[in-house]
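Just work.pdb here, PDB, C-alpha atoms:
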MODEL        1
ATOM      1  CA  MET A 203     158.282-105.933 150.202
ATOM      2  CA  GLN A 204     156.596-105.756 153.603
ATOM      3  CA  THR A 205     153.508-107.925 153.986
ATOM      4  CA  LYS A 206     150.365-106.005 154.876
ATOM      5  CA  LYS A 207     149.143-106.987 158.322
ATOM      6  CA  ILE A 208     145.586-108.342 158.428
ATOM      7  CA  TYR A 209     143.646-107.619 161.596
ATOM      8  CA  PHE A 210     141.136-109.950 163.204
ATOM      9  CA  PRO A 211     137.741-108.759 164.431
ATOM     10  CA  LYS A 212     137.985-107.597 168.061
ATOM     11  CA  ARG A 213     135.159-109.869 169.207
ATOM     12  CA  LEU A 214     137.021-112.883 167.812
ATOM     13  CA  LEU A 215     139.695-112.211 170.426
ATOM     14  CA  ALA A 216     136.971-112.531 173.098
ATOM     15  CA  CYS A 217     136.013-116.084 172.071
ATOM     16  CA  TRP A 218     137.244-119.350 173.530
ATOM     17  CA  HIS A 219     139.426-121.139 170.969
ATOM     18  CA  PRO A 220     140.831-124.675 171.175
ATOM     19  CA  ILE A 221     144.580-124.674 171.452
ATOM     20  CA  GLY A 222     145.400-128.369 171.811
ATOM     21  CA  TYR A 223     144.235-131.707 173.194
ATOM     22  CA  SER A 224     144.826-131.992 176.931
ATOM     23  CA  HIS A 225     147.359-134.772 176.410
ATOM     24  CA  GLU A 226     149.424-132.471 174.158
ATOM     25  CA  ILE A 227     150.006-129.977 176.972
ATOM     26  CA  LYS A 228     152.191-132.183 179.133
ATOM     27  CA  ALA A 229     153.315-131.521 182.699
ATOM     28  CA  GLY A 230     156.882-130.247 182.833
ATOM     29  CA  SER A 231     157.091-129.204 179.192
ATOM     30  CA  PRO A 232     156.045-125.919 177.505
ATOM     31  CA  TYR A 233     153.809-126.170 174.423
ATOM     32  CA  GLY A 234     154.025-123.564 171.686
ATOM     33  CA  THR A 235     151.349-122.808 169.099
ATOM     34  CA  ILE A 236     149.736-119.941 167.158
ATOM     35  CA  LEU A 237     146.291-118.418 167.726
ATOM     36  CA  LEU A 238     144.998-115.608 165.495
ATOM     37  CA  ASP A 239     148.574-114.937 164.359
ATOM     38  CA  GLN A 240     149.671-114.595 167.988
ATOM     39  CA  PRO A 241     152.425-116.919 169.280
ATOM     40  CA  ILE A 242     151.144-118.654 172.430
ATOM     41  CA  VAL A 243     152.925-120.777 175.006
ATOM     42  CA  LEU A 244     150.997-123.144 177.276
ATOM     43  CA  TRP A 245     152.302-124.908 180.336
ATOM     44  CA  ARG A 246     151.093-126.576 183.499
ATOM     45  CA  THR A 247     151.916-125.671 187.068
ATOM     46  CA  SER A 248     152.425-128.392 189.683
ATOM     47  CA  ASP A 249     148.686-128.422 190.455
ATOM     48  CA  GLY A 250     148.075-129.584 186.876
ATOM     49  CA  LEU A 251     146.316-126.408 185.770
ATOM     50  CA  PRO A 252     147.158-125.038 182.312
ATOM     51  CA  HIS A 253     148.279-121.461 181.751
ATOM     52  CA  ALA A 254     148.708-119.412 178.590
ATOM     53  CA  MET A 255     150.839-116.407 177.809
ATOM     54  CA  ARG A 256     152.506-114.732 174.868
ATOM     55  CA  ASP A 257     155.368-116.868 173.610
ATOM     56  CA  LEU A 258     157.894-114.082 174.055
ATOM     57  CA  CYS A 259     160.626-113.213 176.502
ATOM     58  CA  ILE A 260     160.719-109.414 176.767
ATOM     59  CA  HIS A 261     164.517-109.425 177.100
ATOM     60  CA  ARG A 262     165.540-110.504 173.579
ATOM     61  CA  GLY A 263     162.314-111.764 172.040
ATOM     62  CA  THR A 264     163.061-115.467 172.483
ATOM     63  CA  ALA A 265     160.251-118.018 172.300
ATOM     64  CA  LEU A 266     159.524-119.168 175.846
ATOM     65  CA  SER A 267     158.113-122.429 174.469
ATOM     66  CA  LEU A 268     161.710-123.497 173.767
ATOM     67  CA  GLY A 269     162.498-123.289 177.466
ATOM     68  CA  TRP A 270     161.582-125.384 180.477
ATOM     69  CA  ILE A 271     159.601-125.270 183.733
ATOM     70  CA  LYS A 272     161.195-124.757 187.140
ATOM     71  CA  ASP A 273     159.514-123.983 190.488
ATOM     72  CA  ASP A 274     156.184-123.420 188.726
ATOM     73  CA  CYS A 275     157.796-120.820 186.493
ATOM     74  CA  LEU A 276     158.470-120.783 182.771
ATOM     75  CA  VAL A 277     162.196-120.395 182.053
ATOM     76  CA  CYS A 278     163.505-118.654 178.932
ATOM     77  CA  PRO A 279     165.992-120.865 177.019
ATOM     78  CA  TYR A 280     168.280-117.942 176.130
ATOM     79  CA  HIS A 281     169.193-116.326 179.469
ATOM     80  CA  ALA A 282     167.058-118.388 181.925
ATOM     81  CA  TRP A 283     164.817-115.509 182.984
ATOM     82  CA  GLN A 284     161.915-116.973 184.942
ATOM     83  CA  TYR A 285     158.254-115.983 184.441
ATOM     84  CA  ASP A 286     155.466-116.900 186.845
ATOM     85  CA  LYS A 287     151.866-117.780 185.892
ATOM     86  CA  LYS A 288     150.919-114.089 185.964
ATOM     87  CA  GLY A 289     153.516-113.366 183.283
ATOM     88  CA  ALA A 290     155.860-111.459 185.588
ATOM     89  CA  CYS A 291     159.592-112.062 185.504
ATOM     90  CA  VAL A 292     160.624-113.173 188.992
ATOM     91  CA  LEU A 293     164.296-114.001 188.443
ATOM     92  CA  ILE A 294     167.113-112.621 186.280
ATOM     93  CA  PRO A 295     170.107-114.914 186.971
ATOM     94  CA  GLN A 296     172.610-112.433 185.530
ATOM     95  CA  ALA A 297     171.542-109.822 188.125
ATOM     96  CA  PRO A 298     169.976-111.749 191.031
ATOM     97  CA  ASP A 299     170.185-108.863 193.499
ATOM     98  CA  ALA A 300     169.006-106.108 191.177
ATOM     99  CA  GLU A 301     165.431-104.823 191.156
ATOM    100  CA  ILE A 302     163.487-106.457 188.327
ATOM    101  CA  PRO A 303     162.179-103.816 185.888
ATOM    102  CA  GLN A 304     158.391-103.433 185.666
ATOM    103  CA  LYS A 305     158.655-103.989 181.909
ATOM    104  CA  ALA A 306     159.992-107.498 182.530
ATOM    105  CA  LYS A 307     156.721-109.358 181.910
ATOM    106  CA  THR A 308     154.763-110.973 179.119
ATOM    107  CA  PRO A 309     150.968-110.820 178.554
ATOM    108  CA  THR A 310     148.873-113.680 179.894
ATOM    109  CA  TYR A 311     145.602-114.966 178.475
ATOM    110  CA  TYR A 312     142.403-116.609 179.714
ATOM    111  CA  CYS A 313     142.842-120.381 179.802
ATOM    112  CA  ILE A 314     140.557-123.295 180.752
ATOM    113  CA  GLU A 315     140.393-127.048 180.204
ATOM    114  CA  LYS A 316     137.170-128.751 179.091
ATOM    115  CA  PHE A 317     136.127-131.725 176.927
ATOM    116  CA  GLY A 318     139.714-132.970 176.859
ATOM    117  CA  LEU A 319     140.868-129.745 175.194
ATOM    118  CA  VAL A 320     142.701-126.672 176.439
ATOM    119  CA  TRP A 321     141.033-123.394 175.431
ATOM    120  CA  VAL A 322     142.417-119.867 175.250
ATOM    121  CA  ALA A 323     140.787-116.451 174.861
ATOM    122  CA  LEU A 324     142.995-113.455 174.131
ATOM    123  CA  LYS A 325     140.456-111.057 175.695
ATOM    124  CA  LYS A 326     137.782-111.560 178.395
ATOM    125  CA  PRO A 327     135.430-114.201 176.907
ATOM    126  CA  GLU A 328     132.019-112.996 175.745
ATOM    127  CA  PHE A 329     130.712-116.397 174.576
ATOM    128  CA  ASP A 330     130.178-119.586 176.592
ATOM    129  CA  LEU A 331     131.379-123.029 175.596
ATOM    130  CA  PRO A 332     128.600-125.528 174.812
ATOM    131  CA  GLU A 333     127.197-127.949 177.352
ATOM    132  CA  ILE A 334     127.541-131.656 176.446
ATOM    133  CA  PRO A 335     126.027-133.759 179.252
ATOM    134  CA  GLU A 336     126.813-136.995 177.393
ATOM    135  CA  TYR A 337     130.520-136.283 177.806
ATOM    136  CA  GLU A 338     130.184-136.005 181.576
ATOM    137  CA  ASN A 339     127.819-138.824 182.633
ATOM    138  CA  GLY A 340     130.305-141.687 182.228
ATOM    139  CA  HIS A 341     128.048-143.757 179.940
ATOM    140  CA  TRP A 342     129.603-142.653 176.671
ATOM    141  CA  LYS A 343     132.941-143.733 175.286
ATOM    142  CA  LEU A 344     134.930-140.755 173.997
ATOM    143  CA  VAL A 345     137.468-140.940 171.182
ATOM    144  CA  ASN A 346     139.816-138.142 170.128
ATOM    145  CA  THR A 347     140.408-137.918 166.388
ATOM    146  CA  GLY A 348     142.836-135.784 164.435
ATOM    147  CA  PRO A 349     143.978-133.118 164.918
ATOM    148  CA  PHE A 350     143.386-131.942 161.351
ATOM    149  CA  ASN A 351     145.770-129.275 160.061
ATOM    150  CA  TRP A 352     144.486-127.480 156.962
ATOM    151  CA  ASN A 353     145.764-124.627 154.822
ATOM    152  CA  SER A 354     142.486-122.758 155.058
ATOM    153  CA  HIS A 355     140.656-120.481 157.441
ATOM    154  CA  SER A 356     138.661-121.930 160.349
ATOM    155  CA  SER A 357     135.456-120.545 158.831
ATOM    156  CA  ARG A 358     135.956-122.769 155.757
ATOM    157  CA  GLN A 359     136.718-125.808 157.904
ATOM    158  CA  LEU A 360     133.625-125.162 160.036
ATOM    159  CA  GLU A 361     131.315-124.445 157.122
ATOM    160  CA  ASN A 362     132.382-127.654 155.380
ATOM    161  CA  PHE A 363     131.031-129.506 158.421
ATOM    162  CA  THR A 364     127.599-127.925 157.781
ATOM    163  CA  ASP A 365     127.477-128.731 154.051
ATOM    164  CA  PHE A 366     125.135-131.645 153.275
ATOM    165  CA  GLY A 367     125.371-131.291 149.491
ATOM    166  CA  HIS A 368     128.936-132.572 149.174
ATOM    167  CA  PHE A 369     128.464-135.941 150.930
ATOM    168  CA  PRO A 370     127.589-138.031 147.820
ATOM    169  CA  TRP A 371     130.512-136.663 145.800
ATOM    170  CA  VAL A 372     133.337-136.199 148.303
ATOM    171  CA  HIS A 373     132.424-139.151 150.577
ATOM    172  CA  PRO A 374     130.622-141.701 148.355
ATOM    173  CA  GLY A 375     129.919-144.955 150.141
ATOM    174  CA  LEU A 376     130.929-143.496 153.508
ATOM    175  CA  LEU A 377     128.589-140.566 154.180
ATOM    176  CA  GLY A 378     126.557-140.340 150.992
ATOM    177  CA  ASP A 379     125.285-141.981 147.823
ATOM    178  CA  PRO A 380     125.563-140.323 144.358
ATOM    179  CA  GLU A 381     122.223-141.959 143.480
ATOM    180  CA  ARG A 382     120.554-139.864 146.204
ATOM    181  CA  PRO A 383     122.097-136.379 145.958
ATOM    182  CA  GLU A 384     119.053-134.378 147.091
ATOM    183  CA  VAL A 385     119.473-132.336 150.267
ATOM    184  CA  PRO A 386     116.462-132.429 152.620
ATOM    185  CA  ASP A 387     114.844-129.214 153.772
ATOM    186  CA  CYS A 388     116.415-127.734 156.858
ATOM    187  CA  LYS A 389     115.075-125.010 159.140
ATOM    188  CA  VAL A 390     117.659-123.023 161.077
ATOM    189  CA  VAL A 391     116.738-121.354 164.367
ATOM    190  CA  VAL A 392     119.219-118.824 165.732
ATOM    191  CA  LYS A 393     119.283-118.226 169.489
ATOM    192  CA  ASP A 394     121.890-115.715 170.582
ATOM    193  CA  SER A 395     125.179-117.056 169.196
ATOM    194  CA  VAL A 396     123.967-120.634 168.553
ATOM    195  CA  LEU A 397     122.377-122.018 165.375
ATOM    196  CA  HIS A 398     120.001-124.965 165.857
ATOM    197  CA  TYR A 399     118.973-127.214 162.958
ATOM    198  CA  SER A 400     118.334-130.869 162.144
ATOM    199  CA  VAL A 401     117.998-133.145 159.120
ATOM    200  CA  VAL A 402     116.697-136.675 158.507
ATOM    201  CA  ARG A 403     118.062-138.479 155.486
ATOM    202  CA  PRO A 404     118.702-141.992 154.148
ATOM    203  CA  GLU A 405     121.932-143.426 155.432
ATOM    204  CA  ALA A 406     124.809-144.900 153.514
ATOM    205  CA  ALA A 407     125.626-148.474 154.470
ATOM    206  CA  ASN A 408     128.316-149.187 157.019
ATOM    207  CA  SER A 409     131.434-150.176 155.117
ATOM    208  CA  GLN A 410     133.412-153.279 156.047
ATOM    209  CA  ASP A 411     136.474-151.149 156.680
ATOM    210  CA  PHE A 412     134.646-148.650 158.914
ATOM    211  CA  PRO A 413     131.633-150.141 160.778
ATOM    212  CA  VAL A 414     131.205-146.991 162.881
ATOM    213  CA  PHE A 415     127.483-146.201 162.708
ATOM    214  CA  ALA A 416     124.541-147.932 164.381
ATOM    215  CA  ASN A 417     122.471-148.401 161.228
ATOM    216  CA  GLU A 418     122.107-151.950 159.930
ATOM    217  CA  ASP A 419     121.241-151.170 156.316
ATOM    218  CA  ILE A 420     121.140-148.286 153.870
ATOM    219  CA  VAL A 421     117.624-146.874 154.171
ATOM    220  CA  LYS A 422     116.222-148.050 157.509
ATOM    221  CA  PRO A 423     116.727-146.834 160.089
ATOM    222  CA  GLU A 424     117.376-143.358 158.732
ATOM    223  CA  ARG A 425     119.866-141.106 160.400
ATOM    224  CA  ARG A 426     118.587-138.106 162.344
ATOM    225  CA  SER A 427     121.230-135.425 162.772
ATOM    226  CA  VAL A 428     120.635-132.655 165.311
ATOM    227  CA  TYR A 429     123.109-129.793 165.197
ATOM    228  CA  GLU A 430     124.170-126.950 167.449
ATOM    229  CA  LEU A 431     126.554-124.527 165.760
ATOM    230  CA  HIS A 432     128.228-122.334 168.352
ATOM    231  CA  LEU A 433     129.837-119.239 166.900
ATOM    232  CA  PRO A 434     132.443-118.841 165.736
ATOM    233  CA  TYR A 435     133.911-122.316 164.955
ATOM    234  CA  THR A 436     132.309-125.062 167.070
ATOM    235  CA  ILE A 437     129.660-127.712 166.320
ATOM    236  CA  VAL A 438     127.879-130.264 168.505
ATOM    237  CA  LEU A 439     126.208-132.969 166.390
ATOM    238  CA  ARG A 440     123.954-135.655 167.838
ATOM    239  CA  LEU A 441     123.235-138.688 165.634
ATOM    240  CA  GLY A 442     120.409-141.160 166.161
ATOM    241  CA  TRP A 443     118.832-144.047 164.264
ATOM    242  CA  GLY A 444     115.479-144.302 166.023
ATOM    243  CA  GLY A 445     116.678-146.430 168.936
ATOM    244  CA  GLU A 446     118.756-146.003 172.064
ATOM    245  CA  LYS A 447     122.079-146.064 170.258
ATOM    246  CA  GLY A 448     123.548-142.672 169.502
ATOM    247  CA  MET A 449     126.692-140.704 168.720
ATOM    248  CA  VAL A 450     127.783-137.195 169.637
ATOM    249  CA  TYR A 451     130.322-135.415 167.464
ATOM    250  CA  PHE A 452     132.077-132.414 168.968
ATOM    251  CA  PHE A 453     134.053-130.463 166.372
ATOM    252  CA  THR A 454     135.946-127.227 166.875
ATOM    253  CA  SER A 455     138.591-125.373 164.897
ATOM    254  CA  GLN A 456     141.619-123.389 166.036
ATOM    255  CA  PRO A 457     142.083-120.241 163.889
ATOM    256  CA  ILE A 458     145.860-120.183 163.548
ATOM    257  CA  SER A 459     145.881-117.474 160.883
ATOM    258  CA  HIS A 460     143.860-116.338 157.884
ATOM    259  CA  ASN A 461     145.038-119.326 155.865
ATOM    260  CA  ARG A 462     145.787-121.990 158.473
ATOM    261  CA  CYS A 463     143.614-123.833 160.974
ATOM    262  CA  ARG A 464     143.630-126.945 163.153
ATOM    263  CA  GLY A 465     140.482-128.982 163.692
ATOM    264  CA  TYR A 466     139.678-131.202 166.669
ATOM    265  CA  CYS A 467     136.929-133.824 166.623
ATOM    266  CA  ILE A 468     135.902-135.737 169.748
ATOM    267  CA  ILE A 469     133.347-138.504 169.223
ATOM    268  CA  GLY A 470     131.171-140.038 171.906
ATOM    269  CA  ARG A 471     129.007-143.152 171.536
ATOM    270  CA  ASN A 472     126.908-145.312 173.857
ATOM    271  CA  TYR A 473     127.513-148.594 172.010
ATOM    272  CA  ASP A 474     130.407-150.710 170.672
ATOM    273  CA  TYR A 475     132.463-149.938 173.766
ATOM    274  CA  ASP A 476     134.818-152.807 172.979
ATOM    275  CA  LYS A 477     135.762-151.646 169.494
ATOM    276  CA  PRO A 478     139.230-150.090 169.260
ATOM    277  CA  ASP A 479     139.512-146.310 169.005
ATOM    278  CA  LYS A 480     141.568-146.603 165.839
ATOM    279  CA  ILE A 481     138.485-147.558 163.784
ATOM    280  CA  LEU A 482     136.890-144.170 164.419
ATOM    281  CA  GLN A 483     140.230-142.377 164.208
ATOM    282  CA  GLU A 484     141.081-143.919 160.842
ATOM    283  CA  PHE A 485     137.544-143.297 159.550
ATOM    284  CA  GLU A 486     137.692-139.605 160.439
ATOM    285  CA  GLN A 487     141.178-139.303 158.961
ATOM    286  CA  VAL A 488     139.817-140.585 155.631
ATOM    287  CA  ILE A 489     136.815-138.228 155.796
ATOM    288  CA  PHE A 490     138.840-135.158 156.738
ATOM    289  CA  ASP A 491     141.506-135.916 154.120
ATOM    290  CA  GLN A 492     138.786-136.126 151.461
ATOM    291  CA  ASP A 493     137.439-132.764 152.617
ATOM    292  CA  LYS A 494     140.871-131.178 152.982
ATOM    293  CA  ARG A 495     141.738-131.599 149.313
ATOM    294  CA  VAL A 496     138.605-129.719 148.251
ATOM    295  CA  VAL A 497     138.452-127.045 150.956
ATOM    296  CA  GLU A 498     142.103-126.073 150.564
ATOM    297  CA  SER A 499     141.308-125.244 146.930
ATOM    298  CA  GLN A 500     138.578-122.746 147.858
ATOM    299  CA  ARG A 501     139.205-119.070 147.237
ATOM    300  CA  PRO A 502     139.266-116.928 149.210
ATOM    301  CA  GLN A 503     140.673-119.105 151.958
ATOM    302  CA  GLN A 504     138.272-117.642 154.514
ATOM    303  CA  VAL A 505     134.502-117.589 154.075
ATOM    304  CA  PRO A 506     133.405-114.430 152.207
ATOM    305  CA  PHE A 507     130.715-112.967 154.449
ATOM    306  CA  ASP A 508     129.532-110.656 151.692
ATOM    307  CA  PHE A 509     126.641-112.634 150.140
ATOM    308  CA  THR A 510     127.339-111.238 146.668
ATOM    309  CA  GLU A 511     130.731-112.940 146.406
ATOM    310  CA  GLU A 512     129.369-116.488 146.018
ATOM    311  CA  LEU A 513     126.207-118.111 144.672
ATOM    312  CA  HIS A 514     123.708-119.445 147.227
ATOM    313  CA  LEU A 515     120.865-121.914 146.657
ATOM    314  CA  LYS A 516     118.165-123.300 148.950
ATOM    315  CA  PHE A 517     120.272-126.212 150.163
ATOM    316  CA  ASP A 518     122.897-123.701 151.368
ATOM    317  CA  THR A 519     120.552-122.458 154.085
ATOM    318  CA  VAL A 520     122.862-123.422 156.978
ATOM    319  CA  ALA A 521     125.836-121.640 155.440
ATOM    320  CA  MET A 522     123.734-118.572 154.727
ATOM    321  CA  ASN A 523     122.484-118.438 158.312
ATOM    322  CA  TYR A 524     126.013-118.993 159.614
ATOM    323  CA  ARG A 525     127.362-116.096 157.589
ATOM    324  CA  ARG A 526     124.477-113.860 158.602
ATOM    325  CA  ALA A 527     124.950-114.712 162.299
ATOM    326  CA  MET A 528     128.703-114.101 162.136
ATOM    327  CA  LYS A 529     128.080-110.644 160.685
ATOM    328  CA  LYS A 530     125.457-109.876 163.324
ATOM    329  CA  GLU A 531     127.836-110.841 166.133
ATOM    330  CA  LYS A 532     130.665-108.853 164.473
ATOM    331  CA  LEU A 533     132.836-111.937 164.070
ATOM    332  CA  ASP A 534     133.181-111.595 160.289
ATOM    333  CA  TYR A 535     135.943-109.982 158.281
TER     334      TYR A 535
ENDMDL
END

As structure tokens, what does this structure read like?
Amino acid sequence: MQTKKIYFPKRLLACWHPIGYSHEIKAGSPYGTILLDQPIVLWRTSDGLPHAMRDLCIHRGTALSLGWIKDDCLVCPYHAWQYDKKGACVLIPQAPDAEIPQKAKTPTYYCIEKFGLVWVALKKPEFDLPEIPEYENGHWKLVNTGPFNWNSHSSRQLENFTDFGHFPWVHPGLLGDPERPEVPDCKVVVKDSVLHYSVVRPEAANSQDFPVFANEDIVKPERRSVYELHLPYTIVLRLGWGGEKGMVYFFTSQPISHNRCRGYCIIGRNYDYDKPDKILQEFEQVIFDQDKRVVESQRPQQVPFDFTEELHLKFDTVAMNYRRAMKKEKLDY
């Protein structure tokens, strides 16, 4: 039985999506992945710039990501046809003197590098990436965590990051306390394609295994969390405890397909510079693994943007605004 093809919203193709950490796209080696069900190959030319194109040799449909790089061209592993950064075939070894057919090319995509990630848009981008000055001023230590591969849609992975009500139950002792399950009021302001909101709540104590936060006890100082949710699947979170110490979480999700995604989380902090990266990396692995078990059980696997399909209460205000904004921007399903 043939599987029915599911189409993505057109505007989703015109968004920047993370495709991999910069260190994953190595010089001299093609990198293959999937974005919105489309096979993508990334590679770097000798100037270090990344490029993205469809992972397909037009000759016999071979994955170009299995090949290699020569003379700033991507070489197919099957018959060694060479493709330049514009996606045009420039050499057919079996017929070196023959005119190369116009059909001998593969589509290329928009590609940039920012925040230690490589981003791809399948159509001309209509949305800007966020600005994070802390990541550019040299005073913050940045730590890559993950990546986090989940069998769910990116909308579920993103919305989980906005859900305050699950902290006491899914992350007890790390992000929440079952004795204090109430969710504080939260006002969401939507400006264009960005949701702005903040919460102040009592903080769980730093654990001995993961002393990652700047708070010294459970209640004081309280944590202030200021969020920017950039549609469709990106969040900038700034944490503060009333002093100069702060953290910036940058989370974004790669929509691989309707039931697979890959999350990236880059954390910046202006304190504890000498602590090893692995403390934050192991902490986030625990947190994301706790979330993964629950989110992968959700049905449907992508967020249902029809409000009648799930029950919404007051403490779901961020999720409700997210779903409403996605529909308004025609990024929903």

> Taking only C-alpha atoms into account, which of A:Pro434, A:Pro457, A:Gly289, A:Pro506 comes nearest Met528 of chain A?
Replying inline: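 Counting only C-alpha atoms, the residue closest to Met528 of chain A is A:Pro434.
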
>> Give me, as a PyMOL selection string, all polymer residues having an atom no more than 12 Å from Lys288 of chain A, counting all atoms listed in the file and skipping those fewer than 5 positions away in the same chain.
In response: chain A and resi 247+253-256+274-276+306-313

> When you draw a straight line from atom CA of Pro220 of chain A to atom CA of Asp249 of chain A, how long is it in Å?
Replying inline: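 If I compute the distance from atom CA of Pro220 of chain A to atom CA of Asp249 of chain A, I get 21.2 Å.
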
>> I'd like to see the residues matched by the PyMOL selection byres ((chain A and resi 462-474) around 9) on this file, and ideally I'd get them as a PyMOL selection string.
In response: chain A and resi 220-223+317-319+336-337+341-356+359-360+414+416+446-461+475-478+482+486+503

> Which residue, A:Leu397, A:His373, A:Arg382, A:Arg501, has the smallest gap to Phe485 of chain A when you use only C-alpha atoms?
Replying inline: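 That would be A:His373, the residue with the smallest distance to Phe485 of chain A.
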
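Interatomic distance, atom CA of Gln284 of chain A against atom CA of His261 of chain A: 11.2 Å.
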
>> Which residues are near Gln500 of chain A? Cut-off 10 Å, only C-alpha atoms, ignore same chain within fewer than 4 positions. Put them as a ChimeraX atom specification.
In response: /A:354,358,495-496,504-505

Using C-alpha atoms, can you export the residues from the last selection as a JSON list (two decimals), keeping the file's coordinate frame?
[["chain", "number", "residue", "atom", "x", "y", "z"],
["A", 354, "SER", "CA", 142.49, -122.76, 155.06],
["A", 358, "ARG", "CA", 135.96, -122.77, 155.76],
["A", 495, "ARG", "CA", 141.74, -131.60, 149.31],
["A", 496, "VAL", "CA", 138.60, -129.72, 148.25],
["A", 504, "GLN", "CA", 138.27, -117.64, 154.51],
["A", 505, "VAL", "CA", 134.50, -117.59, 154.07]]

>> For the provided coordinates, the residues matched by the PyMOL selection byres ((chain A and resi 433) around 10) should be stated as an MDAnalysis selection string.
In response: chainID A and resid 214 217:218 329:331 357 360 394:397 430:432 434:437 524 527:528 531 533

C-alpha atoms of the current selection, written as a CSV table (one decimal), keeping the file's coordinate frame:
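Result went into again_6.csv, see below:
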chain,number,residue,atom,x,y,z
A,214,LEU,CA,137.0,-112.9,167.8
A,217,CYS,CA,136.0,-116.1,172.1
A,218,TRP,CA,137.2,-119.4,173.5
A,329,PHE,CA,130.7,-116.4,174.6
A,330,ASP,CA,130.2,-119.6,176.6
A,331,LEU,CA,131.4,-123.0,175.6
A,357,SER,CA,135.5,-120.5,158.8
A,360,LEU,CA,133.6,-125.2,160.0
A,394,ASP,CA,121.9,-115.7,170.6
A,395,SER,CA,125.2,-117.1,169.2
A,396,VAL,CA,124.0,-120.6,168.6
A,397,LEU,CA,122.4,-122.0,165.4
A,430,GLU,CA,124.2,-127.0,167.4
A,431,LEU,CA,126.6,-124.5,165.8
A,432,HIS,CA,128.2,-122.3,168.4
A,434,PRO,CA,132.4,-118.8,165.7
A,435,TYR,CA,133.9,-122.3,165.0
A,436,THR,CA,132.3,-125.1,167.1
A,437,ILE,CA,129.7,-127.7,166.3
A,524,TYR,CA,126.0,-119.0,159.6
A,527,ALA,CA,125.0,-114.7,162.3
A,528,MET,CA,128.7,-114.1,162.1
A,531,GLU,CA,127.8,-110.8,166.1
A,533,LEU,CA,132.8,-111.9,164.1

> Quick one: distance from atom CA of Leu293 of chain A to atom CA of Lys305 of chain A in Å, one decimal?
Replying inline: 13.2 Å

>> Give me, as number ranges by chain, all polymer residues having an atom no more than 9 Å from Glu315 of chain A, counting all atoms listed in the file and skipping those fewer than 5 positions away in the same chain.
In response: A: 224, 251-252, 320-322

> Could you list as a PyMOL selection string every residue that has an atom within 10 Å of (172.3, -117.6, 173.1), using the file's coordinates and counting all atoms listed in the file?
Replying inline: chain A and resi 262+264+279-281

> the PyMOL selection byres ((chain A and resi 521) around 12) on the file shown: which residues, as a count of residues only?
Replying inline: 37

> Which of these, A:Ile481, A:Val497, A:Cys291, A:Leu244, has the shortest distance to Val372 of chain A once you count only C-alpha atoms?
Replying inline: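 With only C-alpha atoms as the atom set, the closest residue is A:Val497.
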